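Q: What follows is coords_17.pdb; its format and atoms are PDB, C-alpha atoms.
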```
MODEL        1
ATOM      1  CA  MET A   1       0.000   0.000   0.000
ATOM      2  CA  LYS A   2       2.707   2.426  -1.014
ATOM      3  CA  SER A   3       0.385   4.822  -2.818
ATOM      4  CA  GLY A   4      -2.354   4.748  -0.209
ATOM      5  CA  LYS A   5      -4.698   2.766  -2.476
ATOM      6  CA  ASP A   6      -6.231  -0.513  -1.395
ATOM      7  CA  LYS A   7      -4.646  -3.552  -2.977
ATOM      8  CA  ASN A   8      -6.795  -5.336  -5.577
ATOM      9  CA  PRO A   9      -7.750  -8.702  -4.000
ATOM     10  CA  PHE A  10      -7.832 -10.451  -7.398
ATOM     11  CA  PHE A  11      -4.224  -9.686  -8.313
ATOM     12  CA  ASP A  12      -0.857 -10.202  -6.668
ATOM     13  CA  GLU A  13       1.756  -7.502  -7.050
ATOM     14  CA  GLU A  14       5.212  -8.508  -8.198
ATOM     15  CA  GLU A  15       7.990  -6.022  -7.527
ATOM     16  CA  THR A  16       9.915  -5.085 -10.653
ATOM     17  CA  GLY A  17      12.073  -2.212  -9.419
ATOM     18  CA  GLY A  18       9.532   0.230 -10.834
ATOM     19  CA  ARG A  19       5.813  -0.012 -11.032
ATOM     20  CA  PRO A  20       4.688  -3.378  -9.595
ATOM     21  CA  ARG A  21       3.458  -6.022 -12.049
ATOM     22  CA  MET A  22      -0.162  -7.084 -11.424
ATOM     23  CA  LEU A  23      -0.603 -10.858 -11.756
ATOM     24  CA  LEU A  24      -3.963 -12.596 -11.673
ATOM     25  CA  ASN A  25      -4.265 -14.752  -8.552
ATOM     26  CA  GLU A  26      -6.431 -17.782  -7.746
ATOM     27  CA  ARG A  27      -9.214 -15.662  -6.272
ATOM     28  CA  GLY A  28      -9.362 -13.639  -9.493
ATOM     29  CA  ALA A  29      -9.339 -16.813 -11.614
ATOM     30  CA  ALA A  30     -12.260 -18.177  -9.560
ATOM     31  CA  VAL A  31     -14.283 -15.003 -10.241
ATOM     32  CA  ILE A  32     -13.492 -15.269 -13.964
ATOM     33  CA  LYS A  33     -14.676 -18.907 -14.033
ATOM     34  CA  ARG A  34     -17.972 -18.043 -12.326
ATOM     35  CA  MET A  35     -18.613 -15.113 -14.651
ATOM     36  CA  ALA A  36     -17.682 -17.132 -17.744
ATOM     37  CA  GLU A  37     -20.266 -19.757 -16.723
ATOM     38  CA  ILE A  38     -22.946 -17.176 -17.505
ATOM     39  CA  MET A  39     -21.097 -16.040 -20.669
ATOM     40  CA  CYS A  40     -20.010 -12.607 -19.429
ATOM     41  CA  THR A  41     -17.904 -10.510 -21.797
ATOM     42  CA  ASN A  42     -14.267  -9.559 -21.159
ATOM     43  CA  GLU A  43     -15.441  -6.023 -20.380
ATOM     44  CA  GLU A  44     -17.920  -7.233 -17.753
ATOM     45  CA  ILE A  45     -15.298  -9.480 -16.170
ATOM     46  CA  ALA A  46     -12.748  -6.655 -16.064
ATOM     47  CA  ASP A  47     -15.319  -4.324 -14.465
ATOM     48  CA  VAL A  48     -16.038  -6.794 -11.675
ATOM     49  CA  LEU A  49     -12.303  -7.328 -11.107
ATOM     50  CA  GLY A  50     -11.884  -3.555 -10.927
ATOM     51  CA  VAL A  51      -9.384  -3.328 -13.803
ATOM     52  CA  GLY A  52      -9.314  -2.650 -17.523
ATOM     53  CA  VAL A  53      -9.525  -5.301 -20.230
ATOM     54  CA  ASP A  54      -5.905  -4.522 -21.145
ATOM     55  CA  LEU A  55      -4.672  -5.823 -17.783
ATOM     56  CA  ILE A  56      -6.455  -9.187 -17.929
ATOM     57  CA  THR A  57      -5.382  -9.758 -21.540
ATOM     58  CA  ASN A  58      -1.775  -8.531 -21.314
ATOM     59  CA  ASP A  59       1.243 -10.836 -21.711
ATOM     60  CA  ASN A  60       1.452 -11.440 -17.949
ATOM     61  CA  ASN A  61      -2.191 -12.472 -17.448
ATOM     62  CA  ASN A  62      -3.655 -13.600 -20.773
ATOM     63  CA  ALA A  63      -2.830 -17.323 -20.478
ATOM     64  CA  ALA A  64      -4.332 -17.582 -16.970
ATOM     65  CA  PHE A  65      -7.323 -15.437 -17.975
ATOM     66  CA  GLN A  66      -8.080 -17.495 -21.101
ATOM     67  CA  ALA A  67      -7.726 -20.804 -19.213
ATOM     68  CA  ALA A  68     -10.101 -19.670 -16.450
ATOM     69  CA  LYS A  69     -12.571 -18.245 -18.960
ATOM     70  CA  ARG A  70     -12.542 -21.407 -21.103
ATOM     71  CA  GLU A  71     -13.103 -23.608 -18.039
ATOM     72  CA  GLY A  72     -16.045 -21.486 -16.922
ATOM     73  CA  GLN A  73     -17.618 -21.387 -20.386
ATOM     74  CA  VAL A  74     -17.418 -25.171 -20.741
ATOM     75  CA  LYS A  75     -19.113 -25.621 -17.372
ATOM     76  CA  GLY A  76     -21.769 -23.028 -18.271
ATOM     77  CA  LYS A  77     -22.532 -24.689 -21.620
ATOM     78  CA  MET A  78     -22.876 -28.099 -19.950
ATOM     79  CA  SER A  79     -25.270 -26.626 -17.402
ATOM     80  CA  LEU A  80     -27.339 -24.912 -20.088
ATOM     81  CA  ARG A  81     -27.490 -28.077 -22.184
ATOM     82  CA  ARG A  82     -28.621 -30.092 -19.130
ATOM     83  CA  LYS A  83     -31.418 -27.577 -18.467
ATOM     84  CA  GLN A  84     -32.491 -27.603 -22.124
ATOM     85  CA  PHE A  85     -32.778 -31.379 -22.164
ATOM     86  CA  ALA A  86     -34.791 -31.335 -18.939
ATOM     87  CA  LEU A  87     -37.080 -28.677 -20.452
ATOM     88  CA  ALA A  88     -37.492 -30.777 -23.634
ATOM     89  CA  GLU A  89     -39.297 -33.427 -21.558
ATOM     90  CA  LYS A  90     -42.116 -30.917 -20.938
ATOM     91  CA  ASN A  91     -41.878 -28.584 -23.933
ATOM     92  CA  ALA A  92     -42.280 -29.835 -27.510
ATOM     93  CA  ASN A  93     -40.685 -26.689 -28.955
ATOM     94  CA  MET A  94     -37.497 -27.311 -27.010
ATOM     95  CA  ALA A  95     -37.474 -30.959 -28.092
ATOM     96  CA  ILE A  96     -37.791 -29.843 -31.724
ATOM     97  CA  PHE A  97     -35.022 -27.264 -31.285
ATOM     98  CA  LEU A  98     -32.660 -29.839 -29.787
ATOM     99  CA  GLY A  99     -33.519 -32.374 -32.486
ATOM    100  CA  LYS A 100     -32.688 -29.873 -35.213
ATOM    101  CA  ASN A 101     -29.462 -28.745 -33.590
ATOM    102  CA  TYR A 102     -28.047 -32.024 -32.304
ATOM    103  CA  LEU A 103     -29.648 -34.680 -34.493
ATOM    104  CA  ASP A 104     -29.728 -32.858 -37.847
ATOM    105  CA  GLN A 105     -33.509 -33.206 -37.965
ATOM    106  CA  LYS A 106     -35.280 -30.850 -40.345
ATOM    107  CA  ASP A 107     -38.762 -29.645 -41.065
ATOM    108  CA  LYS A 108     -39.666 -31.325 -44.336
ATOM    109  CA  GLN A 109     -41.522 -29.075 -46.713
ATOM    110  CA  GLU A 110     -42.655 -30.410 -50.061
ATOM    111  CA  VAL A 111     -43.291 -27.888 -52.802
ATOM    112  CA  GLU A 112     -45.323 -28.794 -55.854
ATOM    113  CA  SER A 113     -45.548 -26.537 -58.856
ATOM    114  CA  THR A 114     -47.589 -26.776 -62.050
ATOM    115  CA  LEU A 115     -46.749 -24.639 -65.026
ATOM    116  CA  ALA A 116     -49.470 -23.403 -67.375
ATOM    117  CA  GLY A 117     -49.476 -24.749 -70.963
ATOM    118  CA  GLY A 118     -48.583 -28.356 -70.188
ATOM    119  CA  LEU A 119     -44.835 -27.668 -69.996
ATOM    120  CA  SER A 120     -42.977 -30.556 -68.386
ATOM    121  CA  PHE A 121     -39.427 -31.225 -67.449
ATOM    122  CA  GLY A 122     -37.867 -34.658 -67.714
ATOM    123  CA  PHE A 123     -35.732 -36.932 -69.830
ATOM    124  CA  ASP A 124     -36.715 -38.522 -73.119
ATOM    125  CA  ASP A 125     -36.721 -42.284 -72.553
ATOM    126  CA  GLU A 126     -35.498 -42.948 -76.092
ATOM    127  CA  LEU A 127     -32.438 -40.757 -75.586
ATOM    128  CA  MET A 128     -31.595 -42.368 -72.251
ATOM    129  CA  GLY A 129     -31.991 -45.812 -73.520
TER     130      GLY A 129
ENDMDL
END
```
So, in terms of structure tokens, how does the structure I just supplied come out?

A:
Amino acid sequence: MKSGKDKNPFFDEEETGGRPRMLLNERGAAVIKRMAEIMCTNEEIADVLGVGVDLITNDNNNAAFQAAKREGQVKGKMSLRRKQFALAEKNANMAIFLGKNYLDQKDKQEVESTLAGGLSFGFDDELMG
């Protein structure tokens, strides 16, 4: 607390001989994981950590930030998928949505068209023969 400011609880300060280097700590990584579970943006995460996006994505912190964010997003997606499948048991629209997205099911629409004047398209059997 050299400057009189409170230390950021999500970062450890590393002395460099000049301005201290701010390094993301485990408490900060845990906050990032929780926020990434609900798909928060980098800006929202930085705001909650009390820093700018540049600090969490700089050379000193980017690897730890990306790892924590990826872990949180994977957990959030699994949770969302679990809730969607549970909802599909009660909601036909959700079951249809999941079928289309995970099982490549499609709405089949047949279109029939008749042209005026008896015009037809096809192959001549004699020519194919």

Q: I need the output of the PyMOL selection byres ((chain A and resi 70-75) around 10) for this file as a list of chain:residue names; which residues are they?

A: A:Ala29, A:Ala30, A:Val31, A:Ile32, A:Lys33, A:Arg34, A:Met35, A:Ala36, A:Glu37, A:Ile38, A:Met39, A:Cys40, A:Ala64, A:Phe65, A:Gln66, A:Ala67, A:Ala68, A:Lys69, A:Gly76, A:Lys77, A:Met78, A:Ser79, A:Leu80, A:Arg81

Q: List the spatial neighbours of Leu24 in chain A as a PyMOL selection string - criterion: any atom at most 9 Å away, only C-alpha atoms, same-chain residues fewer than 3 positions off excluded.

A: chain A and resi 10-13+27-29+56+60-61+64-65

Q: For the atom pair CA of Asp6 in chain A and CA of Glu44 in chain A, what is the interatomic distance in Å to one decimal place?

A: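 These two atoms are separated by 21.2 Å.
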
Q: Taking all atoms of range 49-55 of chain A that the file lists, what box with edges along x, y and z, padded by 3 Å per side, do you get, with centre and edge lengths in Å to one decimal, as lines of an AutoDock Vina configuration file?

A:
```
center_x = -8.5
center_y = -5.0
center_z = -16.0
size_x = 13.6
size_y = 10.7
size_z = 16.2
```

Q: State, in Å with one decimal place, the distance from CA of Pro9 in chain A to CA of Ala63 in chain A.

A: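 Here the two named atoms are 19.2 Å from each other.
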
Q: Please rebuild range 74-96 of chain A with N, CA, C and O atoms and return the result as a PDB file, keeping the file's coordinate frame.

A:
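Wrote part_27.pdb, looks like this:
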```
ATOM      1  N   VAL A  74     -17.090 -23.752 -20.542  1.00  0.00           N
ATOM      2  CA  VAL A  74     -17.418 -25.171 -20.741  1.00  0.00           C
ATOM      3  C   VAL A  74     -18.426 -25.623 -19.687  1.00  0.00           C
ATOM      4  O   VAL A  74     -19.425 -26.273 -19.999  1.00  0.00           O
ATOM      5  N   LYS A  75     -18.189 -25.248 -18.452  1.00  0.00           N
ATOM      6  CA  LYS A  75     -19.113 -25.621 -17.372  1.00  0.00           C
ATOM      7  C   LYS A  75     -20.490 -24.978 -17.586  1.00  0.00           C
ATOM      8  O   LYS A  75     -21.524 -25.623 -17.391  1.00  0.00           O
ATOM      9  N   GLY A  76     -20.505 -23.722 -18.015  1.00  0.00           N
ATOM     10  CA  GLY A  76     -21.769 -23.028 -18.271  1.00  0.00           C
ATOM     11  C   GLY A  76     -22.546 -23.664 -19.405  1.00  0.00           C
ATOM     12  O   GLY A  76     -23.762 -23.820 -19.330  1.00  0.00           O
ATOM     13  N   LYS A  77     -21.861 -24.047 -20.482  1.00  0.00           N
ATOM     14  CA  LYS A  77     -22.532 -24.689 -21.620  1.00  0.00           C
ATOM     15  C   LYS A  77     -23.102 -26.043 -21.220  1.00  0.00           C
ATOM     16  O   LYS A  77     -24.206 -26.409 -21.642  1.00  0.00           O
ATOM     17  N   MET A  78     -22.360 -26.800 -20.413  1.00  0.00           N
ATOM     18  CA  MET A  78     -22.876 -28.099 -19.950  1.00  0.00           C
ATOM     19  C   MET A  78     -24.126 -27.901 -19.107  1.00  0.00           C
ATOM     20  O   MET A  78     -25.102 -28.636 -19.247  1.00  0.00           O
ATOM     21  N   SER A  79     -24.118 -26.911 -18.253  1.00  0.00           N
ATOM     22  CA  SER A  79     -25.270 -26.626 -17.402  1.00  0.00           C
ATOM     23  C   SER A  79     -26.481 -26.212 -18.238  1.00  0.00           C
ATOM     24  O   SER A  79     -27.601 -26.691 -18.008  1.00  0.00           O
ATOM     25  N   LEU A  80     -26.253 -25.349 -19.213  1.00  0.00           N
ATOM     26  CA  LEU A  80     -27.339 -24.912 -20.088  1.00  0.00           C
ATOM     27  C   LEU A  80     -27.908 -26.080 -20.881  1.00  0.00           C
ATOM     28  O   LEU A  80     -29.128 -26.243 -20.987  1.00  0.00           O
ATOM     29  N   ARG A  81     -27.036 -26.916 -21.413  1.00  0.00           N
ATOM     30  CA  ARG A  81     -27.490 -28.077 -22.184  1.00  0.00           C
ATOM     31  C   ARG A  81     -28.329 -29.009 -21.289  1.00  0.00           C
ATOM     32  O   ARG A  81     -29.367 -29.505 -21.702  1.00  0.00           O
ATOM     33  N   ARG A  82     -27.885 -29.228 -20.074  1.00  0.00           N
ATOM     34  CA  ARG A  82     -28.621 -30.092 -19.130  1.00  0.00           C
ATOM     35  C   ARG A  82     -30.020 -29.529 -18.879  1.00  0.00           C
ATOM     36  O   ARG A  82     -31.010 -30.265 -18.884  1.00  0.00           O
ATOM     37  N   LYS A  83     -30.116 -28.219 -18.708  1.00  0.00           N
ATOM     38  CA  LYS A  83     -31.418 -27.577 -18.467  1.00  0.00           C
ATOM     39  C   LYS A  83     -32.309 -27.649 -19.708  1.00  0.00           C
ATOM     40  O   LYS A  83     -33.519 -27.840 -19.593  1.00  0.00           O
ATOM     41  N   GLN A  84     -31.705 -27.499 -20.891  1.00  0.00           N
ATOM     42  CA  GLN A  84     -32.491 -27.603 -22.124  1.00  0.00           C
ATOM     43  C   GLN A  84     -33.076 -29.003 -22.288  1.00  0.00           C
ATOM     44  O   GLN A  84     -34.230 -29.146 -22.669  1.00  0.00           O
ATOM     45  N   PHE A  85     -32.274 -30.014 -22.022  1.00  0.00           N
ATOM     46  CA  PHE A  85     -32.778 -31.379 -22.164  1.00  0.00           C
ATOM     47  C   PHE A  85     -33.869 -31.673 -21.139  1.00  0.00           C
ATOM     48  O   PHE A  85     -34.847 -32.363 -21.446  1.00  0.00           O
ATOM     49  N   ALA A  86     -33.734 -31.157 -19.937  1.00  0.00           N
ATOM     50  CA  ALA A  86     -34.791 -31.335 -18.939  1.00  0.00           C
ATOM     51  C   ALA A  86     -36.070 -30.623 -19.394  1.00  0.00           C
ATOM     52  O   ALA A  86     -37.170 -31.165 -19.247  1.00  0.00           O
ATOM     53  N   LEU A  87     -35.929 -29.430 -19.966  1.00  0.00           N
ATOM     54  CA  LEU A  87     -37.080 -28.677 -20.452  1.00  0.00           C
ATOM     55  C   LEU A  87     -37.745 -29.394 -21.634  1.00  0.00           C
ATOM     56  O   LEU A  87     -38.964 -29.357 -21.781  1.00  0.00           O
ATOM     57  N   ALA A  88     -36.960 -30.078 -22.454  1.00  0.00           N
ATOM     58  CA  ALA A  88     -37.492 -30.777 -23.634  1.00  0.00           C
ATOM     59  C   ALA A  88     -38.473 -31.881 -23.242  1.00  0.00           C
ATOM     60  O   ALA A  88     -39.337 -32.249 -24.034  1.00  0.00           O
ATOM     61  N   GLU A  89     -38.365 -32.395 -22.021  1.00  0.00           N
ATOM     62  CA  GLU A  89     -39.297 -33.427 -21.558  1.00  0.00           C
ATOM     63  C   GLU A  89     -40.709 -32.862 -21.384  1.00  0.00           C
ATOM     64  O   GLU A  89     -41.682 -33.594 -21.453  1.00  0.00           O
ATOM     65  N   LYS A  90     -40.819 -31.546 -21.175  1.00  0.00           N
ATOM     66  CA  LYS A  90     -42.116 -30.917 -20.938  1.00  0.00           C
ATOM     67  C   LYS A  90     -42.541 -29.983 -22.068  1.00  0.00           C
ATOM     68  O   LYS A  90     -43.684 -29.577 -22.126  1.00  0.00           O
ATOM     69  N   ASN A  91     -41.619 -29.619 -22.943  1.00  0.00           N
ATOM     70  CA  ASN A  91     -41.878 -28.584 -23.933  1.00  0.00           C
ATOM     71  C   ASN A  91     -41.509 -29.107 -25.317  1.00  0.00           C
ATOM     72  O   ASN A  91     -40.340 -29.307 -25.629  1.00  0.00           O
ATOM     73  N   ALA A  92     -42.501 -29.299 -26.164  1.00  0.00           N
ATOM     74  CA  ALA A  92     -42.280 -29.835 -27.510  1.00  0.00           C
ATOM     75  C   ALA A  92     -41.389 -28.917 -28.344  1.00  0.00           C
ATOM     76  O   ALA A  92     -40.557 -29.400 -29.118  1.00  0.00           O
ATOM     77  N   ASN A  93     -41.524 -27.614 -28.187  1.00  0.00           N
ATOM     78  CA  ASN A  93     -40.685 -26.689 -28.955  1.00  0.00           C
ATOM     79  C   ASN A  93     -39.208 -26.879 -28.639  1.00  0.00           C
ATOM     80  O   ASN A  93     -38.361 -26.816 -29.532  1.00  0.00           O
ATOM     81  N   MET A  94     -38.891 -27.092 -27.375  1.00  0.00           N
ATOM     82  CA  MET A  94     -37.497 -27.311 -27.010  1.00  0.00           C
ATOM     83  C   MET A  94     -37.014 -28.649 -27.555  1.00  0.00           C
ATOM     84  O   MET A  94     -35.880 -28.765 -28.021  1.00  0.00           O
ATOM     85  N   ALA A  95     -37.853 -29.656 -27.535  1.00  0.00           N
ATOM     86  CA  ALA A  95     -37.474 -30.959 -28.092  1.00  0.00           C
ATOM     87  C   ALA A  95     -37.193 -30.832 -29.591  1.00  0.00           C
ATOM     88  O   ALA A  95     -36.226 -31.412 -30.101  1.00  0.00           O
ATOM     89  N   ILE A  96     -38.003 -30.069 -30.285  1.00  0.00           N
ATOM     90  CA  ILE A  96     -37.791 -29.843 -31.724  1.00  0.00           C
ATOM     91  C   ILE A  96     -36.489 -29.082 -31.954  1.00  0.00           C
ATOM     92  O   ILE A  96     -35.676 -29.440 -32.810  1.00  0.00           O
TER      93      ILE A  96
END
```
